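For reference, query_9.pdb (PDB, C-alpha atoms):
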ATOM      1  CA  ILE A  15      15.210  -1.732  13.213
ATOM      2  CA  LEU A  16      18.753  -1.623  14.518
ATOM      3  CA  THR A  17      18.264  -4.620  16.799
ATOM      4  CA  GLN A  18      16.916  -6.975  14.152
ATOM      5  CA  PRO A  19      19.290  -9.949  13.822
ATOM      6  CA  GLN A  20      21.234 -10.216  10.608
ATOM      7  CA  VAL A  21      21.469 -13.498   8.727
ATOM      8  CA  ASP A  22      24.933 -14.280   7.358
ATOM      9  CA  VAL A  23      24.719 -16.059   3.998
ATOM     10  CA  GLY A  24      28.403 -15.990   3.139
ATOM     11  CA  LYS A  25      28.723 -13.240   0.548
ATOM     12  CA  ALA A  26      26.142 -10.987   2.159
ATOM     13  CA  VAL A  27      24.148 -10.349   5.307
ATOM     14  CA  ILE A  28      20.365 -10.171   5.288
ATOM     15  CA  LEU A  29      17.824  -8.362   7.422
ATOM     16  CA  PRO A  30      14.841 -10.388   6.202
ATOM     17  CA  ASP A  31      11.820  -8.721   7.822
ATOM     18  CA  VAL A  32      12.275  -4.976   8.278
ATOM     19  CA  ILE A  33       8.887  -3.295   8.751
ATOM     20  CA  TYR A  34       8.654  -0.108   6.720
ATOM     21  CA  SER A  35       4.940   0.688   6.937
ATOM     22  CA  ARG A  36       2.246   0.311   9.591
ATOM     23  CA  LEU A  37      -1.031   1.617   8.237
ATOM     24  CA  PRO A  38      -4.152   1.357  10.430
ATOM     25  CA  GLY A  39      -6.308  -1.562   9.324
ATOM     26  CA  PHE A  40      -3.586  -3.234   7.227
ATOM     27  CA  ARG A  41      -0.848  -5.775   7.824
ATOM     28  CA  PRO A  42       2.628  -4.393   8.459
ATOM     29  CA  LEU A  43       4.609  -4.189   5.220
ATOM     30  CA  LYS A  44       8.140  -5.565   5.196
ATOM     31  CA  LEU A  45      11.427  -5.214   3.375
ATOM     32  CA  GLY A  46      14.250  -7.672   2.966
ATOM     33  CA  VAL A  47      17.591  -5.824   3.089
ATOM     34  CA  TYR A  48      20.709  -7.473   1.605
ATOM     35  CA  LYS A  49      24.113  -5.903   2.250
ATOM     36  CA  PRO A  50      27.597  -7.004   1.213
ATOM     37  CA  LYS A  51      29.489  -8.426   4.155
ATOM     38  CA  GLY A  52      31.664  -5.800   5.819
ATOM     39  CA  ALA A  53      29.912  -2.834   4.188
ATOM     40  CA  ALA A  54      31.287   0.317   5.776
ATOM     41  CA  LYS A  55      30.569   3.098   3.277
ATOM     42  CA  PRO A  56      27.382   4.313   1.571
ATOM     43  CA  LEU A  57      26.511   2.114  -1.398
ATOM     44  CA  PRO A  58      24.077   2.340  -4.310
ATOM     45  CA  ALA A  59      20.763   0.649  -3.498
ATOM     46  CA  VAL A  60      18.282  -1.208  -5.706
ATOM     47  CA  ILE A  61      14.750  -1.763  -4.439
ATOM     48  CA  TRP A  62      12.897  -4.662  -6.092
ATOM     49  CA  PHE A  63       9.111  -5.103  -6.417
ATOM     50  CA  HIS A  64       7.926  -8.640  -7.132
ATOM     51  CA  GLY A  65       5.315  -9.636  -9.694
ATOM     52  CA  GLY A  66       2.128 -11.616  -9.114
ATOM     53  CA  GLY A  67      -0.686  -9.530 -10.578
ATOM     54  CA  TRP A  68      -0.680  -7.286  -7.495
ATOM     55  CA  ALA A  69      -2.362 -10.246  -5.787
ATOM     56  CA  ALA A  70       0.375 -12.629  -4.622
ATOM     57  CA  GLY A  71       4.040 -12.891  -3.645
ATOM     58  CA  ASP A  72       6.249 -11.436  -0.960
ATOM     59  CA  GLN A  73       9.659  -9.863  -0.430
ATOM     60  CA  ARG A  74      11.342 -13.230  -1.100
ATOM     61  CA  GLY A  75      10.088 -13.364  -4.676
ATOM     62  CA  GLY A  76      12.838 -12.776  -7.209
ATOM     63  CA  PRO A  77      13.015 -11.957 -10.909
ATOM     64  CA  PHE A  78      12.754 -15.601 -11.968
ATOM     65  CA  GLY A  79       9.552 -16.446 -10.111
ATOM     66  CA  GLY A  80       8.982 -18.506  -7.020
ATOM     67  CA  THR A  81      11.053 -17.822  -3.911
ATOM     68  CA  ASP A  82      14.454 -17.664  -5.610
ATOM     69  CA  GLY A  83      14.926 -14.077  -4.487
ATOM     70  CA  PRO A  84      17.190 -14.346  -1.426
ATOM     71  CA  ALA A  85      20.021 -16.177  -3.222
ATOM     72  CA  PHE A  86      19.832 -13.828  -6.218
ATOM     73  CA  PHE A  87      19.644 -10.670  -4.107
ATOM     74  CA  ALA A  88      22.560 -11.802  -1.932
ATOM     75  CA  GLU A  89      24.665 -12.453  -5.031
ATOM     76  CA  VAL A  90      23.939  -8.971  -6.408
ATOM     77  CA  ALA A  91      24.645  -7.413  -3.005
ATOM     78  CA  SER A  92      28.038  -9.121  -2.864
ATOM     79  CA  HIS A  93      29.127  -6.969  -5.827
ATOM     80  CA  GLY A  94      28.833  -3.745  -3.837
ATOM     81  CA  TYR A  95      25.133  -2.927  -3.691
ATOM     82  CA  VAL A  96      22.437  -2.801  -1.058
ATOM     83  CA  VAL A  97      19.528  -4.792  -2.475
ATOM     84  CA  VAL A  98      16.079  -4.324  -0.991
ATOM     85  CA  SER A  99      12.978  -6.347  -1.800
ATOM     86  CA  ALA A 100       9.623  -4.892  -0.779
ATOM     87  CA  GLN A 101       6.148  -6.110   0.032
ATOM     88  CA  TYR A 102       3.119  -4.047  -0.921
ATOM     89  CA  ARG A 103      -0.623  -4.304  -0.390
ATOM     90  CA  PHE A 104      -2.551  -6.663  -2.652
ATOM     91  CA  VAL A 105      -5.762  -5.967  -4.549
ATOM     92  CA  ASN A 106      -7.849  -7.823  -1.957
ATOM     93  CA  GLU A 107      -6.547  -5.355   0.626
ATOM     94  CA  ALA A 108      -6.632  -2.057  -1.272
ATOM     95  CA  LYS A 109      -7.123  -0.858  -4.831
ATOM     96  CA  PHE A 110      -4.868   1.346  -6.942
ATOM     97  CA  PRO A 111      -3.097   3.650  -6.160
ATOM     98  CA  ALA A 112      -2.386   2.001  -2.783
ATOM     99  CA  GLN A 113       0.373  -0.152  -4.265
ATOM    100  CA  VAL A 114       2.100   2.881  -5.764
ATOM    101  CA  GLN A 115       1.789   4.656  -2.429
ATOM    102  CA  ASP A 116       3.461   1.667  -0.741
ATOM    103  CA  ALA A 117       6.330   1.729  -3.232
ATOM    104  CA  ARG A 118       6.863   5.433  -2.604
ATOM    105  CA  ALA A 119       6.735   4.846   1.162
ATOM    106  CA  ALA A 120       9.379   2.120   0.849
ATOM    107  CA  VAL A 121      11.787   4.441  -0.962
ATOM    108  CA  ARG A 122      11.169   7.174   1.578
ATOM    109  CA  PHE A 123      11.881   4.715   4.399
ATOM    110  CA  LEU A 124      15.182   3.719   2.819
ATOM    111  CA  ARG A 125      16.209   7.320   2.343
ATOM    112  CA  ALA A 126      15.299   8.178   5.954
ATOM    113  CA  HIS A 127      17.303   5.181   7.238
ATOM    114  CA  ALA A 128      20.095   5.327   4.682
ATOM    115  CA  ALA A 129      22.877   5.571   7.253
ATOM    116  CA  GLU A 130      21.664   2.466   9.098
ATOM    117  CA  TYR A 131      21.746   0.339   5.935
ATOM    118  CA  HIS A 132      24.878   1.867   4.357
ATOM    119  CA  ILE A 133      22.829   3.327   1.501
ATOM    120  CA  ASP A 134      23.874   6.321  -0.581
ATOM    121  CA  PRO A 135      20.573   8.271  -0.581
ATOM    122  CA  SER A 136      21.485   9.911  -3.885
ATOM    123  CA  GLN A 137      21.739   6.515  -5.609
ATOM    124  CA  ILE A 138      18.513   4.611  -5.015
ATOM    125  CA  PHE A 139      17.261   2.693  -8.055
ATOM    126  CA  ALA A 140      13.908   0.935  -8.576
ATOM    127  CA  ALA A 141      13.451  -2.459 -10.217
ATOM    128  CA  GLY A 142      10.520  -4.789 -10.691
ATOM    129  CA  GLY A 143       8.963  -7.504 -12.784
ATOM    130  CA  SER A 144       5.509  -7.607 -14.396
ATOM    131  CA  ALA A 145       3.119  -6.019 -11.876
ATOM    132  CA  GLY A 146       6.166  -4.984  -9.867
ATOM    133  CA  GLY A 147       7.601  -3.481 -13.034
ATOM    134  CA  TYR A 148       4.607  -1.165 -13.128
ATOM    135  CA  LEU A 149       5.424  -0.015  -9.587
ATOM    136  CA  SER A 150       9.085   0.606 -10.392
ATOM    137  CA  THR A 151       8.038   2.475 -13.540
ATOM    138  CA  MET A 152       5.684   4.665 -11.554
ATOM    139  CA  LEU A 153       8.451   5.432  -9.086
ATOM    140  CA  GLY A 154      10.603   6.599 -11.956
ATOM    141  CA  LEU A 155       7.876   8.762 -13.452
ATOM    142  CA  SER A 156       6.108  10.207 -10.402
ATOM    143  CA  CYS A 157       8.957  12.044  -8.700
ATOM    144  CA  GLY A 158       7.484  15.042  -6.895
ATOM    145  CA  ASP A 159       3.860  14.162  -7.715
ATOM    146  CA  ALA A 160       2.122  14.668  -4.372
ATOM    147  CA  SER A 161      -1.265  13.775  -5.906
ATOM    148  CA  LEU A 162      -0.342  10.097  -5.545
ATOM    149  CA  ASP A 163       0.189  10.405  -1.806
ATOM    150  CA  PRO A 164      -2.667   9.348   0.492
ATOM    151  CA  PRO A 165      -4.651  12.020   2.327
ATOM    152  CA  ALA A 166      -3.109  13.072   5.613
ATOM    153  CA  ARG A 167      -4.473  11.095   8.571
ATOM    154  CA  PRO A 168      -5.018  12.634  12.013
ATOM    155  CA  GLY A 169      -2.523  11.582  14.622
ATOM    156  CA  PRO A 170      -3.376   9.515  17.738
ATOM    157  CA  ASN A 171      -6.241  10.860  19.848
ATOM    158  CA  GLY A 172      -7.112  13.457  17.247
ATOM    159  CA  ALA A 173      -3.674  15.033  17.138
ATOM    160  CA  ALA A 174      -2.637  17.040  14.109
ATOM    161  CA  PRO A 175      -1.535  14.960  11.107
ATOM    162  CA  PRO A 176       2.197  14.437  10.745
ATOM    163  CA  PRO A 177       3.989  16.783   8.343
ATOM    164  CA  PRO A 178       4.154  15.688   4.700
ATOM    165  CA  PRO A 179       7.241  13.737   3.653
ATOM    166  CA  PRO A 180      10.181  15.762   2.370
ATOM    167  CA  ALA A 181       9.774  16.828  -1.252
ATOM    168  CA  GLY A 182      11.453  14.401  -3.604
ATOM    169  CA  SER A 183      12.090  11.767  -0.935
ATOM    170  CA  GLU A 184      10.311   9.173  -3.104
ATOM    171  CA  CYS A 185      12.425   9.848  -6.215
ATOM    172  CA  VAL A 186      14.770   7.272  -7.734
ATOM    173  CA  SER A 187      17.891   7.650  -9.858
ATOM    174  CA  GLY A 188      16.984   5.039 -12.465
ATOM    175  CA  VAL A 189      14.674   2.113 -13.214
ATOM    176  CA  ILE A 190      15.248  -1.504 -14.250
ATOM    177  CA  ASP A 191      12.048  -3.032 -15.616
ATOM    178  CA  THR A 192      11.507  -6.663 -16.541
ATOM    179  CA  TYR A 193       8.395  -7.335 -18.660
ATOM    180  CA  PRO A 194       6.534  -4.401 -17.059
ATOM    181  CA  VAL A 195       2.827  -3.674 -17.314
ATOM    182  CA  THR A 196       2.652  -0.141 -18.712
ATOM    183  CA  ASP A 197      -0.587   0.239 -20.673
ATOM    184  CA  LEU A 198      -4.270  -0.495 -20.032
ATOM    185  CA  ILE A 199      -5.153  -0.655 -23.697
ATOM    186  CA  SER A 200      -2.447  -2.796 -25.264
ATOM    187  CA  LEU A 201      -3.546  -5.951 -23.457
ATOM    188  CA  SER A 202      -6.577  -6.019 -25.731
ATOM    189  CA  MET A 203      -4.653  -5.009 -28.865
ATOM    190  CA  PHE A 204      -2.145  -7.866 -29.036
ATOM    191  CA  ASN A 205      -2.346 -11.627 -29.301
ATOM    192  CA  ASN A 206       0.271 -13.581 -27.387
ATOM    193  CA  PRO A 207       2.640 -16.051 -29.094
ATOM    194  CA  THR A 208       0.126 -18.886 -28.613
ATOM    195  CA  GLY A 209      -2.484 -16.914 -30.569
ATOM    196  CA  ALA A 210      -4.660 -16.221 -27.531
ATOM    197  CA  PRO A 211      -5.577 -12.621 -26.747
ATOM    198  CA  TYR A 212      -3.898 -10.877 -23.858
ATOM    199  CA  SER A 213      -7.320  -9.521 -22.975
ATOM    200  CA  SER A 214      -7.571 -12.394 -20.464
ATOM    201  CA  GLN A 215      -5.309 -10.223 -18.315
ATOM    202  CA  GLN A 216      -7.989  -7.546 -18.177
ATOM    203  CA  GLY A 217      -9.468  -9.289 -15.133
ATOM    204  CA  ILE A 218      -6.219  -8.745 -13.248
ATOM    205  CA  LEU A 219      -6.221  -5.073 -14.162
ATOM    206  CA  GLY A 220      -9.881  -4.815 -13.209
ATOM    207  CA  ALA A 221      -9.160  -6.184  -9.747
ATOM    208  CA  PHE A 222      -6.256  -3.770  -9.418
ATOM    209  CA  LEU A 223      -8.220  -0.695 -10.489
ATOM    210  CA  GLY A 224     -11.600  -1.644  -9.042
ATOM    211  CA  CYS A 225     -13.316  -1.375 -12.426
ATOM    212  CA  ALA A 226     -13.183  -3.007 -15.856
ATOM    213  CA  PRO A 227     -10.347  -1.124 -17.601
ATOM    214  CA  ALA A 228     -12.507   0.014 -20.505
ATOM    215  CA  MET A 229     -15.156   1.243 -18.051
ATOM    216  CA  CYS A 230     -12.836   3.067 -15.662
ATOM    217  CA  SER A 231     -13.233   6.815 -15.498
ATOM    218  CA  PRO A 232     -10.964   8.863 -17.760
ATOM    219  CA  ALA A 233      -9.430  10.377 -14.620
ATOM    220  CA  LEU A 234      -8.506   6.932 -13.260
ATOM    221  CA  GLN A 235      -7.142   5.795 -16.616
ATOM    222  CA  GLN A 236      -5.028   8.949 -16.714
ATOM    223  CA  GLU A 237      -3.777   8.348 -13.176
ATOM    224  CA  PHE A 238      -2.826   4.736 -13.985
ATOM    225  CA  GLY A 239      -1.093   5.574 -17.259
ATOM    226  CA  VAL A 240       2.636   6.008 -17.533
ATOM    227  CA  ALA A 241       3.235   7.490 -21.000
ATOM    228  CA  GLN A 242       1.815  10.902 -20.138
ATOM    229  CA  ARG A 243       4.133  11.088 -17.109
ATOM    230  CA  ILE A 244       7.318  10.905 -19.192
ATOM    231  CA  SER A 245       9.353  14.085 -19.374
ATOM    232  CA  ALA A 246      12.881  15.097 -20.238
ATOM    233  CA  LYS A 247      13.599  14.999 -16.490
ATOM    234  CA  SER A 248      12.677  11.313 -16.152
ATOM    235  CA  PRO A 249      15.500   9.048 -14.941
ATOM    236  CA  PRO A 250      17.187   6.442 -17.174
ATOM    237  CA  PHE A 251      15.325   3.198 -17.883
ATOM    238  CA  LEU A 252      16.598  -0.296 -18.685
ATOM    239  CA  ILE A 253      13.789  -2.557 -19.925
ATOM    240  CA  LEU A 254      14.037  -6.321 -20.477
ATOM    241  CA  HIS A 255      11.281  -8.345 -22.133
ATOM    242  CA  GLY A 256      10.972 -11.813 -23.631
ATOM    243  CA  ASP A 257       9.917 -11.989 -27.266
ATOM    244  CA  ALA A 258       7.607 -14.934 -26.510
ATOM    245  CA  ASP A 259       6.047 -13.565 -23.313
ATOM    246  CA  THR A 260       2.541 -15.002 -22.933
ATOM    247  CA  THR A 261       1.547 -12.824 -19.961
ATOM    248  CA  VAL A 262       2.592  -9.265 -20.799
ATOM    249  CA  PRO A 263       2.843  -8.305 -24.487
ATOM    250  CA  ILE A 264       6.292  -7.258 -25.610
ATOM    251  CA  GLY A 265       4.501  -4.499 -27.506
ATOM    252  CA  GLU A 266       3.966  -2.756 -24.167
ATOM    253  CA  SER A 267       7.714  -2.480 -23.619
ATOM    254  CA  GLN A 268       8.364  -1.533 -27.239
ATOM    255  CA  ASN A 269       5.792   1.260 -27.108
ATOM    256  CA  PHE A 270       7.040   2.442 -23.722
ATOM    257  CA  ALA A 271      10.671   2.471 -24.865
ATOM    258  CA  ALA A 272       9.692   4.474 -27.944
ATOM    259  CA  ALA A 273       7.802   6.971 -25.771
ATOM    260  CA  LEU A 274      10.851   7.395 -23.529
ATOM    261  CA  LYS A 275      13.129   8.039 -26.493
ATOM    262  CA  ALA A 276      10.650  10.503 -27.980
ATOM    263  CA  LYS A 277      10.993  12.618 -24.832
ATOM    264  CA  GLY A 278      14.776  12.341 -24.830
ATOM    265  CA  VAL A 279      14.986   9.997 -21.847
ATOM    266  CA  SER A 280      18.039   7.760 -21.692
ATOM    267  CA  SER A 281      16.692   4.234 -22.115
ATOM    268  CA  GLN A 282      17.458   0.804 -23.507
ATOM    269  CA  LEU A 283      15.165  -2.087 -24.386
ATOM    270  CA  ILE A 284      16.757  -5.531 -24.379
ATOM    271  CA  VAL A 285      14.659  -8.220 -26.049
ATOM    272  CA  VAL A 286      15.395 -11.659 -24.625
ATOM    273  CA  PRO A 287      14.550 -14.827 -26.608
ATOM    274  CA  GLY A 288      11.773 -16.796 -24.951
ATOM    275  CA  ASN A 289       8.990 -16.192 -22.460
TER     276      ASN A 289
END

Using structure tokens, write down the structure that the file contains.
Amino acid sequence: ILTQPQVDVGKAVILPDVIYSRLPGFRPLKLGVYKPKGAAKPLPAVIWFHGGGWAAGDQRGGPFGGTDGPAFFAEVASHGYVVVSAQYRFVNEAKFPAQVQDARAAVRFLRAHAAEYHIDPSQIFAAGGSAGGYLSTMLGLSCGDASLDPPARPGPNGAAPPPPPPAGSECVSGVIDTYPVTDLISLSMFNNPTGAPYSSQQGILGAFLGCAPAMCSPALQQEFGVAQRISAKSPPFLILHGDADTTVPIGESQNFAAALKAKGVSSQLIVVPGN
């Protein structure tokens, strides 16, 4: 990690391919780390999870689609933040909750290596768009929930499994969501601005969950859901959603924001004109 070359992009330096997870049978998962040039003290960190239906994209994908991420992340980093963009396993590699487990592992990695990346471990924030917005939401709402962690694996040559990660090491201080997926049901309840049903997105959710959403077991639907995870201890949320979004219904964000407020969680929904 420490020997990886840094790329100087003027306002920031980038470590583009930091490996944070090596799970047997899967590709190594990588982070892009963006630091302001000359960083010498611990800084707040934001970890970003790209969209793509849990089926496409990489750590270079930014909030505006495509591969615009590096320039955007470097610009944000230049204002005094460490920005991290994370890969995660896709649905053709592993089903839910693998992607949530990856997101939690990424935060734990950052906290364990905070000194190396000039990160203040008490100020790690999650952000994501669309499918990635679901992952950032789950990070905000699953602090301390060990049931989402994978079963312990034996060590090499049958050695005892490693100890569990420190309690709370996956927790974040706040969440920034852009057009997040938050509800299995609402995709079939709303029509998008073109008049077509959002239920066409059910196939994406089915691939993610491994079952048609309406046919998934109640236990799996409960595990996927976010509303029932909200509590007065949940961190603050900032949610942004376009009022003409044709992929994720704005009603999801409106319902989620209302649920946060009902539990007394500090939150703000900003509705942006357009898709």

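Between atom CA of A:Gln236 and atom CA of A:Ser150 the interatomic distance comes to 17.6 Å.
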
Counting only C-alpha atoms, what is within 7 Å of A:Ile253, bar same-chain residues fewer than 3 positions away, as a list in words?
Ile190, Asp191, Thr192, Gln282, Leu283 and Ile284 of chain A

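Residue nearest A:Leu274 within the list A:Pro178, A:Pro249, A:Gly146, A:Gly94: A:Pro249 [criterion: smallest interatomic distance, only C-alpha atoms].
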
Can you tell me which residues surround A:Asp259 at a distance of at most 7 Å, considering all atoms listed in the file, apart from same-chain residues fewer than 3 positions away, and format the answer as a PyMOL selection string?
chain A and resi 256+262-264+288-289

Once the PyMOL selection byres ((chain A and resi 57) around 9) has been applied to the shown file, what residues remain in the selection, as a list in words?
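On this input, the PyMOL selection byres ((chain A and resi 57) around 9) captures Ala53, Ala54, Lys55, Pro56, Pro58, Ala59, Gly94, Tyr95, Val96, Tyr131, His132, Ile133, Asp134, Pro135 and Gln137 of chain A.
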
Between atom CA of A:Gly217 and atom CA of A:Gly154, measure the distance and give it in Å to one decimal.
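Calculated distance between atom CA of A:Gly217 and atom CA of A:Gly154 is 25.8 Å.
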
Across A:Pro84, A:Gly239, A:Gly220, A:Pro232, the smallest distance to A:Ser156, with all atoms listed in the file counted, is shown by A:Gly239

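Evaluated against this file, the PyMOL selection byres ((chain A and resi 110) around 9) yields Val105, Ala108, Lys109, Pro111, Ala112, Gln113, Val114, Gln115, Phe222, Leu223, Gly224 and Phe238 of chain A.
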
When the PyMOL selection byres ((chain A and resi 21-38) around 7) is applied to the file above, which residues end up in the set, as a VMD selection string?
chain A and resid 15 18 to 20 39 to 40 42 to 51 88 to 89 91 to 92 120 123

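Each of A:Leu254, A:Asn106, A:Arg243, A:Gly143 was compared to A:Phe78 using only C-alpha atoms, and A:Gly143 turns out to be the nearest.
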
Top pick for closest residue to A:Ala69, considering A:Tyr193, A:Tyr102, A:Phe86, A:Tyr148 and counting all atoms listed in the file
A:Tyr102

So what do you get for atom CA of A:Gln235 versus atom CA of A:Asp197, distance-wise?
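Computed distance, atom CA of A:Gln235 to atom CA of A:Asp197, equals 9.5 Å.
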
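Each of A:Val195, A:Ala70, A:Ala241, A:Leu252 was checked against A:Ala140 using only C-alpha atoms; the smallest atom-to-atom distance is that of A:Leu252.
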
Selection as a list in words: residues within 12 Å of (3.0, -14.7, -0.5), counting all atoms listed in the file
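Neighbouring residues, ordered by chain and number, come to Lys44, His64, Gly65, Gly66, Gly67, Trp68, Ala69, Ala70, Gly71, Asp72, Gln73, Arg74, Gly75, Gly79, Gly80, Thr81, Ala100, Gln101, Tyr102, Arg103 and Phe104 of chain A.
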
Test item: residues at most 9 Å from A:Arg122, all atoms listed in the file, excluding those fewer than 4 positions along its chain, as a list in words
Ala117, Arg118, Ala126, His127, Pro179, Pro180, Gly182, Ser183, Glu184 and Cys185 of chain A

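Proximity to A:Val240 at 12 Å, evaluated using all atoms listed in the file and with sequence-adjacent residues fewer than 5 positions away removed, yields A:Gly147, A:Tyr148, A:Leu149, A:Ser150, A:Thr151, A:Met152, A:Leu153, A:Gly154, A:Leu155, A:Ser156, A:Pro194, A:Val195, A:Thr196, A:Asp197, A:Leu198, A:Ile199, A:Leu234, A:Gln235, A:Ser245, A:Ser248, A:Glu266, A:Ser267, A:Asn269, A:Phe270, A:Ala271, A:Ala273, A:Leu274.
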
Can you tell me, as a ChimeraX atom specification, which residues sit within 7 Å of (2.7, 6.6, 3.0) in the file's frame, using all atoms listed in the file?
/A:115-116,119,163-164

Would you fill the gaps in stretch 142-158 of chain A so it has N, CA, C and O atoms, then print it as a PDB file, in the coordinates of the input?
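File produced: rebuild-v7.pdb:
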ATOM      1  N   GLY A 142      11.691  -3.950 -10.918  1.00  0.00           N
ATOM      2  CA  GLY A 142      10.520  -4.789 -10.691  1.00  0.00           C
ATOM      3  C   GLY A 142      10.177  -5.594 -11.918  1.00  0.00           C
ATOM      4  O   GLY A 142      10.629  -5.295 -13.029  1.00  0.00           O
ATOM      5  N   GLY A 143       9.375  -6.639 -11.699  1.00  0.00           N
ATOM      6  CA  GLY A 143       8.963  -7.504 -12.784  1.00  0.00           C
ATOM      7  C   GLY A 143       7.452  -7.576 -12.899  1.00  0.00           C
ATOM      8  O   GLY A 143       6.749  -7.688 -11.885  1.00  0.00           O
ATOM      9  N   SER A 144       6.938  -7.477 -14.118  1.00  0.00           N
ATOM     10  CA  SER A 144       5.509  -7.607 -14.396  1.00  0.00           C
ATOM     11  C   SER A 144       4.727  -6.559 -13.611  1.00  0.00           C
ATOM     12  O   SER A 144       4.937  -5.361 -13.796  1.00  0.00           O
ATOM     13  N   ALA A 145       3.853  -6.986 -12.687  1.00  0.00           N
ATOM     14  CA  ALA A 145       3.119  -6.019 -11.876  1.00  0.00           C
ATOM     15  C   ALA A 145       4.078  -5.154 -11.074  1.00  0.00           C
ATOM     16  O   ALA A 145       3.855  -3.943 -10.909  1.00  0.00           O
ATOM     17  N   GLY A 146       5.155  -5.758 -10.576  1.00  0.00           N
ATOM     18  CA  GLY A 146       6.166  -4.984  -9.867  1.00  0.00           C
ATOM     19  C   GLY A 146       6.901  -4.028 -10.781  1.00  0.00           C
ATOM     20  O   GLY A 146       7.377  -2.975 -10.344  1.00  0.00           O
ATOM     21  N   GLY A 147       7.000  -4.383 -12.061  1.00  0.00           N
ATOM     22  CA  GLY A 147       7.601  -3.481 -13.034  1.00  0.00           C
ATOM     23  C   GLY A 147       6.772  -2.228 -13.224  1.00  0.00           C
ATOM     24  O   GLY A 147       7.312  -1.145 -13.492  1.00  0.00           O
ATOM     25  N   TYR A 148       5.446  -2.358 -13.084  1.00  0.00           N
ATOM     26  CA  TYR A 148       4.607  -1.165 -13.128  1.00  0.00           C
ATOM     27  C   TYR A 148       4.941  -0.245 -11.957  1.00  0.00           C
ATOM     28  O   TYR A 148       5.045   0.980 -12.121  1.00  0.00           O
ATOM     29  N   LEU A 149       5.133  -0.834 -10.768  1.00  0.00           N
ATOM     30  CA  LEU A 149       5.424  -0.015  -9.587  1.00  0.00           C
ATOM     31  C   LEU A 149       6.775   0.685  -9.721  1.00  0.00           C
ATOM     32  O   LEU A 149       6.905   1.867  -9.392  1.00  0.00           O
ATOM     33  N   SER A 150       7.777  -0.040 -10.218  1.00  0.00           N
ATOM     34  CA  SER A 150       9.085   0.606 -10.392  1.00  0.00           C
ATOM     35  C   SER A 150       9.008   1.698 -11.460  1.00  0.00           C
ATOM     36  O   SER A 150       9.638   2.757 -11.335  1.00  0.00           O
ATOM     37  N   THR A 151       8.224   1.454 -12.505  1.00  0.00           N
ATOM     38  CA  THR A 151       8.038   2.475 -13.540  1.00  0.00           C
ATOM     39  C   THR A 151       7.393   3.729 -12.958  1.00  0.00           C
ATOM     40  O   THR A 151       7.828   4.858 -13.224  1.00  0.00           O
ATOM     41  N   MET A 152       6.360   3.517 -12.152  1.00  0.00           N
ATOM     42  CA  MET A 152       5.684   4.665 -11.554  1.00  0.00           C
ATOM     43  C   MET A 152       6.608   5.431 -10.613  1.00  0.00           C
ATOM     44  O   MET A 152       6.525   6.668 -10.533  1.00  0.00           O
ATOM     45  N   LEU A 153       7.478   4.730  -9.911  1.00  0.00           N
ATOM     46  CA  LEU A 153       8.451   5.432  -9.086  1.00  0.00           C
ATOM     47  C   LEU A 153       9.332   6.335  -9.942  1.00  0.00           C
ATOM     48  O   LEU A 153       9.619   7.475  -9.573  1.00  0.00           O
ATOM     49  N   GLY A 154       9.748   5.812 -11.087  1.00  0.00           N
ATOM     50  CA  GLY A 154      10.603   6.599 -11.956  1.00  0.00           C
ATOM     51  C   GLY A 154       9.914   7.808 -12.557  1.00  0.00           C
ATOM     52  O   GLY A 154      10.563   8.817 -12.850  1.00  0.00           O
ATOM     53  N   LEU A 155       8.596   7.714 -12.720  1.00  0.00           N
ATOM     54  CA  LEU A 155       7.876   8.762 -13.452  1.00  0.00           C
ATOM     55  C   LEU A 155       6.987   9.639 -12.574  1.00  0.00           C
ATOM     56  O   LEU A 155       6.285  10.509 -13.096  1.00  0.00           O
ATOM     57  N   SER A 156       7.000   9.418 -11.266  1.00  0.00           N
ATOM     58  CA  SER A 156       6.108  10.207 -10.402  1.00  0.00           C
ATOM     59  C   SER A 156       6.872  11.026  -9.373  1.00  0.00           C
ATOM     60  O   SER A 156       6.297  11.444  -8.372  1.00  0.00           O
ATOM     61  N   CYS A 157       8.144  11.256  -9.624  1.00  0.00           N
ATOM     62  CA  CYS A 157       8.957  12.044  -8.700  1.00  0.00           C
ATOM     63  C   CYS A 157       8.321  13.419  -8.472  1.00  0.00           C
ATOM     64  O   CYS A 157       8.039  14.142  -9.427  1.00  0.00           O
ATOM     65  N   GLY A 158       8.040  13.741  -7.214  1.00  0.00           N
ATOM     66  CA  GLY A 158       7.484  15.042  -6.895  1.00  0.00           C
ATOM     67  C   GLY A 158       5.993  15.177  -7.075  1.00  0.00           C
ATOM     68  O   GLY A 158       5.443  16.266  -6.848  1.00  0.00           O
TER      69      GLY A 158
END
